[in-house]
>>> print(open('upload_39.txt').read())   # compact mmCIF, C-alpha atoms
# COMPACT_ATOMS: atom_id res chain seq x y z
CA MET A 160 -14.18 61.59 9.89
CA ALA A 161 -17.97 61.43 9.68
CA LYS A 162 -19.47 59.09 7.06
CA THR A 163 -22.86 59.31 5.45
CA ASP A 164 -24.99 56.88 3.43
CA ILE A 165 -25.88 58.01 -0.08
CA ILE A 166 -27.43 56.67 -3.29
CA LEU A 167 -25.48 57.42 -6.48
CA THR A 168 -27.51 58.86 -9.33
CA HIS A 169 -24.63 58.72 -11.85
CA HIS A 170 -21.69 56.43 -12.47
CA ILE A 171 -18.70 57.71 -10.49
CA PRO A 172 -15.35 56.00 -11.30
CA ASN A 173 -13.85 54.13 -8.33
CA LEU A 174 -17.04 54.66 -6.31
CA GLY A 175 -19.96 52.95 -8.07
CA GLY A 176 -22.74 53.16 -10.63
CA GLU A 177 -26.28 54.51 -10.61
CA SER A 178 -28.43 53.09 -7.82
CA ASP A 179 -25.43 51.94 -5.73
CA HIS A 180 -25.80 52.52 -2.01
CA VAL A 181 -22.38 53.64 -0.69
CA LYS A 182 -20.87 55.23 2.39
CA VAL A 183 -18.69 58.31 1.81
CA ALA A 184 -17.19 61.16 3.82
CA ALA A 185 -19.90 63.64 4.80
CA GLY A 186 -17.92 66.58 3.40
CA TYR A 187 -17.42 64.86 0.03
CA ALA A 188 -21.15 64.20 -0.25
CA ARG A 189 -22.19 67.67 0.99
CA ASN A 190 -19.64 69.69 -1.02
CA TYR A 191 -19.31 67.72 -4.26
CA LEU A 192 -21.76 64.87 -4.88
CA PHE A 193 -25.02 66.53 -3.79
CA PRO A 194 -24.46 69.98 -5.43
CA ASN A 195 -23.49 68.36 -8.76
CA GLY A 196 -26.45 65.99 -8.71
CA PHE A 197 -24.24 62.85 -8.63
CA ALA A 198 -25.92 61.47 -5.48
CA ILE A 199 -28.87 61.84 -3.15
CA PRO A 200 -29.04 61.19 0.60
CA LEU A 201 -30.32 57.78 1.71
CA THR A 202 -33.84 58.52 2.99
CA GLY A 203 -37.16 56.69 2.87
CA ALA A 204 -38.42 58.94 0.06
CA ASN A 205 -35.24 58.52 -2.00
CA LYS A 206 -35.34 54.72 -1.69
CA ARG A 207 -38.41 54.82 -3.93
CA ARG A 208 -36.29 56.47 -6.68
CA LEU A 209 -34.01 53.43 -6.57
CA GLU A 210 -36.06 51.43 -9.09
CA ALA A 211 -35.86 54.19 -11.71
CA LEU A 212 -32.10 54.46 -11.15
CA LYS A 213 -31.66 50.69 -11.48
CA ARG A 214 -33.56 50.68 -14.79
CA ARG A 215 -31.43 53.57 -16.10
CA ARG A 216 -28.26 51.76 -15.08
CA ALA A 217 -29.35 48.52 -16.79
CA GLU A 218 -30.12 50.41 -20.00
CA ARG A 219 -26.75 52.21 -19.93
CA GLU A 220 -24.84 48.97 -19.35
CA ALA A 221 -26.76 47.17 -22.13
CA ASN A 222 -26.03 50.01 -24.58
CA GLU A 223 -22.37 49.99 -23.54
CA LEU A 224 -22.14 46.22 -24.07
CA ASN A 225 -23.79 46.44 -27.52
CA SER A 226 -21.54 49.26 -28.70
CA MET A 227 -18.42 47.43 -27.46
CA ASN A 228 -19.52 44.22 -29.23
CA GLU A 229 -19.96 46.16 -32.49
CA LEU A 230 -16.58 47.84 -32.04
CA ALA A 231 -14.90 44.49 -31.31
CA GLN A 232 -16.36 42.93 -34.47
CA SER A 233 -15.18 45.78 -36.68
CA LEU A 234 -11.69 46.00 -35.09
CA SER A 235 -11.10 42.25 -35.38
CA LYS A 236 -11.38 42.56 -39.20
CA LEU A 237 -8.88 45.44 -39.45
CA THR A 238 -5.10 45.56 -39.69
CA LEU A 239 -3.60 48.68 -38.14
CA VAL A 240 -0.48 49.71 -40.08
CA ILE A 241 1.95 51.90 -38.14
CA THR A 242 4.88 53.46 -40.02
CA VAL A 243 7.95 53.95 -37.83
CA LYS A 244 11.55 55.08 -38.21
CA THR A 245 14.04 52.26 -37.92
CA GLY A 246 17.75 51.70 -37.68
CA GLU A 247 19.85 48.67 -38.52
CA GLU A 248 18.19 45.23 -38.59
CA GLY A 249 14.71 46.73 -38.32
CA ARG A 250 15.14 48.06 -34.79
CA LEU A 251 12.84 50.94 -33.96
CA PHE A 252 13.92 54.35 -32.72
CA GLY A 253 11.86 54.17 -29.53
CA SER A 254 8.94 51.76 -29.26
CA VAL A 255 5.24 51.36 -29.98
CA THR A 256 3.10 51.48 -26.84
CA ALA A 257 -0.60 51.15 -26.03
CA GLY A 258 -0.85 54.94 -26.28
CA THR A 259 0.59 54.88 -29.81
CA ILE A 260 -1.90 52.19 -30.88
CA SER A 261 -4.79 54.16 -29.34
CA ASP A 262 -3.74 57.34 -31.18
CA GLU A 263 -3.35 55.50 -34.52
CA LEU A 264 -6.77 53.83 -34.17
CA LYS A 265 -8.33 57.27 -33.68
CA HIS A 266 -6.33 58.80 -36.56
CA GLN A 267 -6.73 56.01 -39.14
CA PHE A 268 -10.16 54.52 -38.36
CA ASP A 269 -11.81 57.14 -36.10
CA ALA A 270 -12.18 54.41 -33.44
CA THR A 271 -11.85 55.51 -29.83
CA VAL A 272 -10.18 52.90 -27.62
CA GLU A 273 -8.68 54.00 -24.31
CA LYS A 274 -5.03 52.99 -23.93
CA ARG A 275 -5.78 51.17 -20.66
CA LYS A 276 -7.96 48.76 -22.68
CA ILE A 277 -5.03 47.85 -24.98
CA HIS A 278 -2.98 45.11 -23.38
CA LEU A 279 0.68 44.80 -24.40
CA GLU A 280 3.04 42.73 -22.27
CA ASN A 281 5.92 44.92 -23.43
CA PRO A 282 6.22 47.83 -25.87
CA ILE A 283 6.87 46.67 -29.46
CA LYS A 284 10.45 47.32 -30.61
CA GLN A 285 10.73 45.31 -33.87
CA LEU A 286 9.12 45.50 -37.29
CA GLY A 287 6.56 42.81 -38.08
CA GLU A 288 2.96 41.78 -37.52
CA TYR A 289 1.53 41.44 -34.02
CA GLN A 290 -1.77 40.42 -32.43
CA VAL A 291 -2.76 42.80 -29.68
CA GLU A 292 -5.48 42.01 -27.15
CA LEU A 293 -8.17 44.65 -26.62
CA ARG A 294 -10.28 44.37 -23.46
CA LEU A 295 -13.09 46.70 -24.45
CA HIS A 296 -15.54 45.60 -21.72
CA HIS A 297 -15.41 43.02 -18.94
CA ASP A 298 -17.41 40.72 -21.27
CA VAL A 299 -15.83 41.80 -24.60
CA ILE A 300 -12.26 40.87 -25.59
CA THR A 301 -10.97 40.96 -29.17
CA ILE A 302 -7.69 40.77 -31.08
CA LEU A 303 -6.38 43.61 -33.26
CA LYS A 304 -3.74 42.93 -35.93
CA VAL A 305 -0.97 45.53 -35.84
CA ARG A 306 1.71 45.70 -38.53
CA LEU A 307 4.82 47.85 -38.11
CA GLN A 308 6.53 48.97 -41.28
CA SER A 309 9.62 51.10 -41.74
CA SER A 310 9.51 54.63 -43.12
CA THR A 311 13.20 54.43 -44.02
CA PRO A 312 14.23 52.45 -47.12
CA SER A 313 15.90 49.12 -46.42
CA GLU A 314 19.57 48.54 -47.22
CA ASN A 315 18.62 46.12 -49.99
CA SER A 316 16.74 48.87 -51.82
CA THR A 317 19.73 51.26 -51.96
CA PRO A 318 21.23 51.23 -55.46
CA ALA A 319 24.72 49.77 -55.83
CA PRO A 320 27.34 52.16 -57.25
CA SER A 321 27.72 51.84 -61.02
CA SER A 322 30.87 50.17 -62.36
CA ASN A 323 32.23 53.29 -64.06
CA LEU A 324 32.32 55.13 -60.73
CA GLN A 325 34.21 52.41 -58.92
CA GLY A 326 37.49 53.28 -60.67
CA SER A 327 37.44 56.83 -59.31
CA VAL A 328 36.92 55.73 -55.70
CA GLN A 329 40.22 55.64 -53.83
CA ARG A 330 40.50 53.26 -50.94
CA PRO A 331 42.35 54.43 -47.86
CA GLU A 332 45.78 52.85 -47.43
CA THR A 333 46.04 50.32 -44.68
CA VAL A 334 48.77 51.01 -42.16
CA ASP A 335 50.96 48.09 -41.17
CA PRO A 336 52.03 48.43 -37.51
CA SER A 337 55.44 46.91 -38.36
CA ASP A 338 56.10 49.94 -40.62
CA ASP A 339 56.76 52.04 -37.52
CA LYS A 340 60.05 50.20 -37.02
CA LYS A 341 61.19 50.77 -40.61
CA GLU A 342 63.09 53.90 -41.39
CA ARG A 343 61.02 56.48 -43.14
CA PRO A 344 62.46 59.36 -45.14
CA LYS A 345 62.96 62.37 -42.92
CA LYS A 346 61.35 65.63 -43.81
CA PRO A 347 63.72 68.55 -44.05
CA ALA A 348 63.72 70.80 -41.04
CA GLY A 349 63.15 74.52 -41.34
CA ARG A 350 66.84 75.29 -42.04
CA PRO A 351 69.22 73.07 -44.06
CA LYS A 352 72.28 71.81 -42.12
CA ALA A 353 75.72 72.78 -43.37
CA LYS A 354 77.85 69.88 -44.70
CA LYS A 355 81.17 69.19 -43.02
CA ASP A 356 84.21 68.81 -45.29
>>> encode(input="upload_39.txt", output="structure tokens")
Amino acid sequence: MAKTDIILTHHIPNLGGESDHVKVAAGYARNYLFPNGFAIPLTGANKRRLEALKRRRAEREANELNSMNELAQSLSKLTLVITVKTGEEGRLFGSVTAGTISDELKHQFDATVEKRKIHLENPIKQLGEYQVELRLHHDVITILKVRLQSSTPSENSTPAPSSNLQGSVQRPETVDPSDDKKERPKKPAGRPKAKKD
């Protein structure tokens, strides 16, 4: 497969940023990167454009770093409250993942954080308060407080039955296994038997 040298004019994920000199398949460059304006061929004339591209890249990265620092400062002061359905002993139906946290940040605080930047060792499966690491930028890491609360009322909050109702509640009889050996009254069959004289 033929390779060609190019200069990227835009940031391309998994390939490089503006002003990077990379080698790619000739068809990829000819059919995708050049027509969309994402790259230019490596020529003497284009090398002169490198300085402008480097300046643009430095500005973009500085703006990105500043915005991530501001986001980190504001998120570190917040507590994200997620209401979940729970069963016995506070166990969740399902779990809270990085995707859930990302969606709730967008919904509650209008803060956009990609789920790949939210680092959970394991999904959260219990109620409580947690500290979740956010890696917003390679130079910006912050901690977000996440509290899980139940949407279902706890057992302690259910009212006890009033005393006047307790008398009407009938408890089921307990069956003693030794009763099977005792003789029980027989139920009459469909037709009564004639008595012998």
>>> atom_distance(input="upload_39.txt", atom1="atom CA of Ile302 of chain A", atom2="atom CA of Leu251 of chain A")
23.1 Å
>>> residues_around(input="upload_39.txt", residues="Glu288 of chain A", least_positions_apart="6", cutoff="12 Å", atoms="only C-alpha atoms", output="list of chain:residue names")
A:Thr238, A:Leu239, A:Val240, A:Ile241, A:Leu303, A:Lys304, A:Val305, A:Arg306, A:Leu307, A:Gln308
>>> residues_around(input="upload_39.txt", residues="segment 170-177 of chain A", least_positions_apart="6", cutoff="9 Å", atoms="only C-alpha atoms", output="list in words")
Phe197, Ala198, Leu209, Leu212, Lys213, Arg215 and Arg216 of chain A
>>> atom_distance(input="upload_39.txt", atom1="atom CA of Phe252 of chain A", atom2="atom CA of Arg294 of chain A")
27.8 Å
>>> atom_distance(input="upload_39.txt", atom1="atom CA of Leu237 of chain A", atom2="atom CA of Val299 of chain A")
16.8 Å
>>> closest_residue(input="upload_39.txt", among="A:Ile283, A:Val183, A:Met160, A:Ile166", to="Thr202 of chain A", atoms="all atoms listed in the file")
A:Ile166
>>> residues_around(input="upload_39.txt", residues="Leu230 of chain A", least_positions_apart="2", cutoff="12 Å", atoms="all atoms listed in the file", output="number ranges by chain")
A: 223-228, 232-237, 264, 268-272, 293-296, 299-303
>>> residues_near_point(input="upload_39.txt", point="(-2.7, 43.3, -23.0)", cutoff="9 Å", atoms="all atoms listed in the file", output="tab-separated table (two decimals) with C-alpha atoms, in the frame of the given file")
chain	number	residue	atom	x	y	z
A	257	ALA	CA	-0.60	51.15	-26.03
A	275	ARG	CA	-5.78	51.17	-20.66
A	276	LYS	CA	-7.96	48.76	-22.68
A	277	ILE	CA	-5.03	47.85	-24.98
A	278	HIS	CA	-2.98	45.11	-23.38
A	279	LEU	CA	0.68	44.80	-24.40
A	280	GLU	CA	3.04	42.73	-22.27
A	281	ASN	CA	5.92	44.92	-23.43
A	291	VAL	CA	-2.76	42.80	-29.68
A	292	GLU	CA	-5.48	42.01	-27.15
A	293	LEU	CA	-8.17	44.65	-26.62
A	294	ARG	CA	-10.28	44.37	-23.46
>>> axis_aligned_box(input="upload_39.txt", around="segment 276-281 of chain A", padding_each_side="8 Å", output="JSON")
{"center_x": -1.0, "center_y": 45.7, "center_z": -23.6, "size_x": 29.9, "size_y": 22.0, "size_z": 18.7}
